[in-house]
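Novice: What follows is work21.pdb, made up of PDB, C-alpha atoms and all ligand atoms:
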ATOM      1  CA  MET A   1      90.065 124.132  81.114  1.00  0.00           C
ATOM      2  CA  PRO A   2      92.170 126.583  83.148  1.00  0.00           C
ATOM      3  CA  GLU A   3      93.241 129.811  81.525  1.00  0.00           C
ATOM      4  CA  LYS A   4      96.632 131.448  81.573  1.00  0.00           C
ATOM      5  CA  GLU A   5      97.806 134.876  80.512  1.00  0.00           C
ATOM      6  CA  ASN A   6     100.959 135.191  78.516  1.00  0.00           C
ATOM      7  CA  LYS A   7     102.857 137.855  76.548  1.00  0.00           C
ATOM      8  CA  ASN A   8     103.390 137.340  72.833  1.00  0.00           C
ATOM      9  CA  LEU A   9     106.406 138.594  70.852  1.00  0.00           C
ATOM     10  CA  ASN A  10     104.795 142.041  70.495  1.00  0.00           C
ATOM     11  CA  SER A  11     104.346 142.238  74.266  1.00  0.00           C
ATOM     12  CA  GLN A  12     100.587 141.939  73.895  1.00  0.00           C
ATOM     13  CA  THR A  13      98.767 139.967  76.526  1.00  0.00           C
ATOM     14  CA  VAL A  14      97.093 136.850  75.183  1.00  0.00           C
ATOM     15  CA  THR A  15      94.886 134.482  77.100  1.00  0.00           C
ATOM     16  CA  LEU A  16      95.618 130.821  76.555  1.00  0.00           C
ATOM     17  CA  THR A  17      92.671 128.558  77.203  1.00  0.00           C
ATOM     18  CA  ASN A  18      94.267 125.286  76.231  1.00  0.00           C
ATOM     19  CA  TYR A  19      97.779 125.751  77.549  1.00  0.00           C
ATOM     20  CA  ASN A  20      97.846 122.402  79.287  1.00  0.00           C
ATOM     21  CA  VAL A  21      98.258 120.740  75.888  1.00  0.00           C
ATOM     22  CA  CYS A  22     101.489 122.643  75.313  1.00  0.00           C
ATOM     23  CA  GLU A  23     102.730 121.945  78.789  1.00  0.00           C
ATOM     24  CA  GLY A  24     101.732 118.326  78.896  1.00  0.00           C
ATOM     25  CA  ILE A  25     105.255 117.141  79.325  1.00  0.00           C
ATOM     26  CA  GLU A  26     105.825 119.382  82.295  1.00  0.00           C
ATOM     27  CA  ILE A  27     106.095 117.106  85.253  1.00  0.00           C
ATOM     28  CA  GLU A  28     104.342 118.208  88.332  1.00  0.00           C
ATOM     29  CA  ASP A  29     101.460 117.167  90.568  1.00  0.00           C
ATOM     30  CA  GLN A  30     100.808 113.933  92.363  1.00  0.00           C
ATOM     31  CA  ARG A  31     104.155 112.235  92.611  1.00  0.00           C
ATOM     32  CA  SER A  32     103.803 108.702  93.851  1.00  0.00           C
ATOM     33  CA  GLY A  33     106.994 106.712  93.804  1.00  0.00           C
ATOM     34  CA  ALA A  34     108.328 106.384  90.271  1.00  0.00           C
ATOM     35  CA  GLU A  35     104.989 107.135  88.639  1.00  0.00           C
ATOM     36  CA  ILE A  36     104.030 110.739  87.993  1.00  0.00           C
ATOM     37  CA  LYS A  37     100.805 112.201  86.619  1.00  0.00           C
ATOM     38  CA  THR A  38     101.178 115.358  84.517  1.00  0.00           C
ATOM     39  CA  LYS A  39      98.585 118.076  84.299  1.00  0.00           C
ATOM     40  CA  ASN A  40      97.240 116.362  81.197  1.00  0.00           C
ATOM     41  CA  SER A  41      96.837 113.074  83.052  1.00  0.00           C
ATOM     42  CA  LEU A  42      99.773 111.516  81.255  1.00  0.00           C
ATOM     43  CA  THR A  43     101.598 108.854  83.210  1.00  0.00           C
ATOM     44  CA  VAL A  44     105.365 109.260  83.356  1.00  0.00           C
ATOM     45  CA  LYS A  45     107.526 106.532  84.812  1.00  0.00           C
ATOM     46  CA  GLU A  46     110.636 108.117  86.198  1.00  0.00           C
ATOM     47  CA  VAL A  47     113.732 106.246  87.261  1.00  0.00           C
ATOM     48  CA  SER A  48     116.727 108.053  88.735  1.00  0.00           C
ATOM     49  CA  GLY A  49     120.048 106.638  89.767  1.00  0.00           C
ATOM     50  CA  THR A  50     123.743 106.489  89.113  1.00  0.00           C
ATOM     51  CA  GLY A  51     124.751 105.206  85.716  1.00  0.00           C
ATOM     52  CA  LYS A  52     128.157 104.598  84.175  1.00  0.00           C
ATOM     53  CA  LYS A  53     128.570 108.343  83.592  1.00  0.00           C
ATOM     54  CA  GLY A  54     127.122 109.559  86.889  1.00  0.00           C
ATOM     55  CA  ALA A  55     123.663 110.723  87.890  1.00  0.00           C
ATOM     56  CA  VAL A  56     120.960 110.009  85.342  1.00  0.00           C
ATOM     57  CA  LYS A  57     117.182 110.197  85.134  1.00  0.00           C
ATOM     58  CA  ILE A  58     115.076 108.373  82.553  1.00  0.00           C
ATOM     59  CA  ASP A  59     111.448 109.342  81.988  1.00  0.00           C
ATOM     60  CA  ILE A  60     109.052 107.248  79.918  1.00  0.00           C
ATOM     61  CA  ILE A  61     105.657 108.693  79.028  1.00  0.00           C
ATOM     62  CA  VAL A  62     103.582 105.543  79.164  1.00  0.00           C
ATOM     63  CA  ASN A  63     100.660 106.993  77.210  1.00  0.00           C
ATOM     64  CA  TYR A  64     102.870 107.875  74.225  1.00  0.00           C
ATOM     65  CA  CYS A  65     104.812 104.616  74.075  1.00  0.00           C
ATOM     66  CA  LYS A  66     103.467 102.314  71.362  1.00  0.00           C
ATOM     67  CA  GLY A  67     105.669  99.387  72.281  1.00  0.00           C
ATOM     68  CA  CYS A  68     107.784  99.360  69.119  1.00  0.00           C
ATOM     69  CA  GLU A  69     110.818  98.207  71.160  1.00  0.00           C
ATOM     70  CA  ILE A  70     113.250 100.367  69.187  1.00  0.00           C
ATOM     71  CA  CYS A  71     114.723 101.786  72.388  1.00  0.00           C
ATOM     72  CA  VAL A  72     115.060  98.314  73.862  1.00  0.00           C
ATOM     73  CA  ALA A  73     116.768  96.946  70.755  1.00  0.00           C
ATOM     74  CA  PHE A  74     119.205  99.815  70.267  1.00  0.00           C
ATOM     75  CA  CYS A  75     120.220 100.576  73.840  1.00  0.00           C
ATOM     76  CA  PRO A  76     123.846  99.389  73.845  1.00  0.00           C
ATOM     77  CA  GLU A  77     123.752  98.655  77.564  1.00  0.00           C
ATOM     78  CA  GLN A  78     120.505  96.681  77.970  1.00  0.00           C
ATOM     79  CA  VAL A  79     119.092  99.285  80.311  1.00  0.00           C
ATOM     80  CA  LEU A  80     115.561  98.898  78.945  1.00  0.00           C
ATOM     81  CA  VAL A  81     113.050  96.088  78.532  1.00  0.00           C
ATOM     82  CA  MET A  82     109.557  95.918  77.139  1.00  0.00           C
ATOM     83  CA  ASN A  83     106.684  95.240  79.461  1.00  0.00           C
ATOM     84  CA  LYS A  84     103.003  94.926  78.602  1.00  0.00           C
ATOM     85  CA  GLU A  85     102.308  98.606  78.883  1.00  0.00           C
ATOM     86  CA  ALA A  86     105.461 100.373  77.727  1.00  0.00           C
ATOM     87  CA  ALA A  87     109.224 100.288  77.714  1.00  0.00           C
ATOM     88  CA  GLU A  88     110.718 100.098  81.176  1.00  0.00           C
ATOM     89  CA  VAL A  89     114.066 100.737  82.835  1.00  0.00           C
ATOM     90  CA  VAL A  90     115.518  97.590  84.361  1.00  0.00           C
ATOM     91  CA  ASP A  91     119.097  98.560  85.154  1.00  0.00           C
ATOM     92  CA  ILE A  92     119.870 102.254  85.276  1.00  0.00           C
ATOM     93  CA  SER A  93     123.351 101.541  86.654  1.00  0.00           C
ATOM     94  CA  LYS A  94     124.459 100.564  83.120  1.00  0.00           C
ATOM     95  CA  CYS A  95     123.180 103.734  81.424  1.00  0.00           C
ATOM     96  CA  THR A  96     125.905 105.807  79.758  1.00  0.00           C
ATOM     97  CA  LYS A  97     123.613 108.755  78.930  1.00  0.00           C
ATOM     98  CA  CYS A  98     124.280 108.196  75.225  1.00  0.00           C
ATOM     99  CA  ASN A  99     120.690 109.343  74.493  1.00  0.00           C
ATOM    100  CA  ILE A 100     120.304 106.835  71.644  1.00  0.00           C
ATOM    101  CA  CYS A 101     116.946 105.714  73.042  1.00  0.00           C
ATOM    102  CA  GLU A 102     115.707 109.288  73.128  1.00  0.00           C
ATOM    103  CA  TYR A 103     116.909 110.104  69.604  1.00  0.00           C
ATOM    104  CA  LEU A 104     115.379 106.970  68.099  1.00  0.00           C
ATOM    105  CA  CYS A 105     112.006 106.910  69.827  1.00  0.00           C
ATOM    106  CA  PRO A 106     109.462 107.811  67.128  1.00  0.00           C
ATOM    107  CA  ASP A 107     106.939 109.041  69.660  1.00  0.00           C
ATOM    108  CA  PHE A 108     109.083 111.197  71.942  1.00  0.00           C
ATOM    109  CA  SER A 109     108.154 108.884  74.795  1.00  0.00           C
ATOM    110  CA  ILE A 110     111.530 108.534  76.443  1.00  0.00           C
ATOM    111  CA  SER A 111     113.942 111.154  77.697  1.00  0.00           C
ATOM    112  CA  VAL A 112     117.285 110.913  79.421  1.00  0.00           C
ATOM    113  CA  GLU A 113     118.769 113.642  81.571  1.00  0.00           C
ATOM    114  CA  GLY A 114     121.778 113.729  83.762  1.00  0.00           C
TER     115      GLY A 114
HETATM  116  S1  LIG A 201     120.803 106.752  77.233  1.00  0.00           S
HETATM  117 FE1  LIG A 201     121.863 105.120  76.083  1.00  0.00          FE
HETATM  118  S2  LIG A 201     122.546 103.649  77.651  1.00  0.00           S
HETATM  119 FE2  LIG A 201     120.957 104.954  78.606  1.00  0.00          FE
HETATM  120  S3  LIG A 201     119.030 103.865  78.314  1.00  0.00           S
HETATM  121 FE3  LIG A 201     119.224 105.261  76.570  1.00  0.00          FE
HETATM  122  S4  LIG A 201     120.235 104.068  74.946  1.00  0.00           S
HETATM  123 FE4  LIG A 201     120.512 102.959  76.897  1.00  0.00          FE
HETATM  124  S1  LIG A 202     111.119 103.622  71.159  1.00  0.00           S
HETATM  125 FE1  LIG A 202     109.594 104.928  72.191  1.00  0.00          FE
HETATM  126  S2  LIG A 202     107.601 104.121  71.502  1.00  0.00           S
HETATM  127 FE2  LIG A 202     109.126 102.559  71.034  1.00  0.00          FE
HETATM  128  S3  LIG A 202     109.115 101.189  72.854  1.00  0.00           S
HETATM  129 FE3  LIG A 202     110.718 102.753  73.201  1.00  0.00          FE
HETATM  130  S4  LIG A 202     109.705 104.385  74.372  1.00  0.00           S
HETATM  131 FE4  LIG A 202     108.102 103.118  73.446  1.00  0.00          FE
END
Kindly present the structure from the file in structure tokens form.
Specialist:
Amino acid sequence: MPEKENKNLNSQTVTLTNYNVCEGIEIEDQRSGAEIKTKNSLTVKEVSGTGKKGAVKIDIIVNYCKGCEICVAFCPEQVLVMNKEAAEVVDISKCTKCNICEYLCPDFSISVEG
């Protein structure tokens, strides 16, 4: 596990040995189309486009999604569908960036930015 030095609130230097866990959502590394691997080997499906309120990006962390379909059911614009693996964006052009999907997801699997 890589190590990282950081300053705590008292300006002391602390060495973090497991920092990848905290930064698991940070998206970097190995971009391949709409599927991104994080440092923690999470798979994020990213879809960007122009929605009803302008530019929007929806990320779904496939590993965290348990397929409850709450986001699919409550999205007022039918932007999302359920596939075998996880929720999926089918029509980003309808997204209004209301963030309902993000607020309701019990597993913090989906995020909407714009
Ligand atoms: S932000 Fe709103 S419109 Fe866009 S996918 Fe989520 S629930 Fe649907
Ligand atoms: S609400 Fe969250 S866990 Fe449930 S299907 Fe949507 S993304 Fe997956």
Novice: Around ligand LIG 201 (chain A), at most 6 Å away and counting only C-alpha atoms and all ligand atoms, which residues are there? Put them as a VMD selection string, please.
Specialist: chain A and resid 75 to 77 79 95 to 101 112
Novice: On this structure, the PyMOL selection byres (((not hetatm)) within 8 of (chain A and resi 202)) would catch which residues? List them as number ranges by chain, sorted by chain and number.
Specialist: A: 60-62, 64-72, 82, 86-87, 101-102, 104-110
Novice: Grab the atom CA of A:Glu113 to atom CA of A:Ile58 distance for me, in Å with one decimal place.
Specialist: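 Computed distance, atom CA of A:Glu113 to atom CA of A:Ile58, equals 6.5 Å.
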Novice: Would you mind telling me which residue in A:Asp91, A:Ser11, A:Ser111, A:Ile36 lies nearest to A:Gly51 when using all atoms listed in the file?
Specialist: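 Smallest distance to A:Gly51 is found for A:Asp91.
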Novice: For stretch 58-67 of chain A, I'd like the enclosing box, axis-aligned and padded by 4 Å on every side, reported as AutoDock Vina command-line options with centre and edge lengths in Å to one decimal.
Specialist:
--center_x 107.9 --center_y 104.4 --center_z 77.0 --size_x 22.4 --size_y 18.0 --size_z 19.2
Novice: Just give me the gap between atom CA of A:Lys94 and atom CA of A:Lys53 in Å, one decimal is fine.
Specialist: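 Taking atom CA of A:Lys94 as the start and atom CA of A:Lys53 as the end point, the length is 8.8 Å.
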Novice: Show me, as number ranges by chain, the residues that have an atom within 6 Å of A:Leu80 when counting all atoms listed in the file, minus same-chain residues fewer than 6 positions from it.
Specialist: A: 72, 88-90
Novice: Convert the current residue selection to file output with C-alpha atoms, as a compact mmCIF listing (two decimals), in the coordinates of the input.
Specialist:
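The new file part_0.txt reads:
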# COMPACT_ATOMS: atom_id res chain seq x y z
CA VAL A 72 115.06 98.31 73.86
CA GLU A 88 110.72 100.10 81.18
CA VAL A 89 114.07 100.74 82.84
CA VAL A 90 115.52 97.59 84.36
